[in-house]
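**Q** Shown below is the structure under consideration.
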Amino acid sequence: MSDENENDNPANNTAPFKIEVAERVKRLPPYLFARINAVKYQKRRAGDDVIDLGMGNPSDPPEDLVIEKLAEAARDPRNHGYSKAVGIQNLRREVAVKYLKKYGVRLDPDSETIVCLGSKEGFSHMCLALVGPGDTAIVPAPFFPVHVYAVALAAANVIALEVANSDKLLSNIAHTCETLYPKPKLLIINYPHNPSTVTVDPGFFVDVVKLARRYGFMVISDFAYADVAFDGYQPPSFLAAPGARDVGVEFTTMSKGYNMAGWRVGFCAGNAEMVRALGTIKTYYDYGMFQPIQIAAIVALRQTDAAVEAQSALYQHRRDVLCDGLRRSGWDITPPRAGMFVWAKIPEPWASRMDTMQFATKLLEEGDVAVSPGSGFGPAGEGYLRLALVENENRLRQAVRQIARCLGGESKPAKTPAGDSRAAT
């Protein structure tokens with residue numbers, strides 16, 4: 001009997017065990033920046049000084065008083081238990097205060113605001129709360145990846161519409177709603193736009209609300225770059241448009257203007273039913289943000305307005321250095337009015353010789369400058385690069401020189417000792 005049943009014993013089965021992941025994971029494409037990141041890693045391992053303008057990862061620290069408040073709150077033993085998934089009340093109240101003071105929008109902190117573990121987490125879970133199989137969301141193109149793949153992970157469909165011309169976008173939204181059955185359930189908007197840096201004026205959101213009412217879709221506004229704007233431009237809030245809270249919500253974050261990217265502090269505000277749905281999802285997924293971070297975020301919102309303005313001015317100086325330098329090298333550059341990026345069209349003759357990924361790889365391999373290829377943001381990004389304003393002005397000048405040498409066919413200078421690296425100016 002033991003011989004007959006030998007093959008039935010799992011321990012004697014030599015066939016490899018197969019892991020069958022969920023269909024939602026299979027629907028996700030390969031990470032489009034993997035090649036760039038692999039080359040960047042190899043070059044740094046080899047000792048090359050790579051100037052990284054690829055990721056919008058703030059390199060400046062938060063204000064000292066915010067860090068000090070975090071440390072103080074962390075020493076209080078009462079702050080180390082589970083927190084509320086929706087955020088502590090005083091932080092939600094402070095979000096409402098900021099919306100009233102800056103945008104003239106009056107929010108109920110209890111029903112119309114919620115704290116997220118960064119706006120990306122909140123956005124993703126909001127998609128899970130709103131859409132599912134058979135539903136369709138309209139997203140901006142070129143697209144920030146989470147705008148597409150959070151919808152895909154919720155098993156819904158995506159239609160991407162280009163954002164370069166705001167009037168045309170509104171017309172295309174209306175046309176899509178009139179010709180698609182069933183109609184789109186959700187519109188995702190993102191201004192100041194990442195990656196293209198397109199901005200809008202308040203009237204745009206008035207028209208969005210009208211379309212939402214006419215065609216019955218909900219709206220999510222990704223307002224991640226609310227606090228980084230230049231030349232006197234003030235990015236408008238979607239929620240300031242009349243009737244906006246009837247049809248949608250807005251996500252904001254402290255990652256950019258407050259230099260708190262790794263702290264993961266984001267907010268959702270607006271329609272009470274949508275906020276409640278997000279809170280329901282979050283209750284099942286997390287126990288809320290570490291409370292000392294929330295307490296420090298309150299201090300940041302209350303006391304660092306001047307520092308946020310100064311940070312915005314710093315990004316403007318970096319923008320000017322990068323744009324002026326690339327212009328002198330023959331690039332056709334339109335300086336952005338807001339955000340942390342420059343969206344640059346690849347110059348000729350390179351645009352005719354290679355695609356965006358090949359060009360970005362060339363800059364990295366031969367120029368030691370890492371950028372984000374536009375194709376990583378969908379087909380509408382082909383032909384462009386996204387350059388992040390995360391390095392200081394001297395490093396940006398150096399990046400321009402290295403790009404010019406790379407494209408001009410000049411050989412790179414010999415490596416010098418660490419104290420004399422090419423980062424020096």
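Identifiers in this document derive from the order of the structure tokens: chains are assigned A, B, ..., residues are numbered from 1 separately in each chain, and ligands are numbered from 1 in order of occurrence.
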For range 334-349 of chain A, please output as a PyMOL selection string all residues within 8 Å (counting only C-alpha atoms; exclusion window: fewer than 5 positions along the same chain).

**A** chain A and resi 56+192-199+225+228-231+233+235+315+319-320+323+356+383-390

**Q** Near Ile188 in chain A, counting only C-alpha atoms, which residues have an atom at most 7 Å away, once you skip same-chain residues fewer than 4 positions from it, shown as number ranges by chain?

**A** A: 138-140, 219-221

**Q** Taking 4 positions as the minimum chain separation for residues in the same chain, which residues sit within 9 Å of Asp368 in chain A when counting only C-alpha atoms? Answer as a VMD selection string.

**A** chain A and resid 40 43 48 to 52 362 to 364 399 402 to 403 406

**Q** Looking only at strand (DSSP E) from DSSP on the backbone, list the matching residues of range 37-166 of chain A as an NGL selection string.

**A** :A and (51-52 or 113-116 or 136-141 or 157-162)

**Q** Between A:Ser312, A:Arg276, A:Ser237, A:Met254, which one has atoms that come closest to Val105 in chain A, using only C-alpha atoms?

**A** A:Ser237
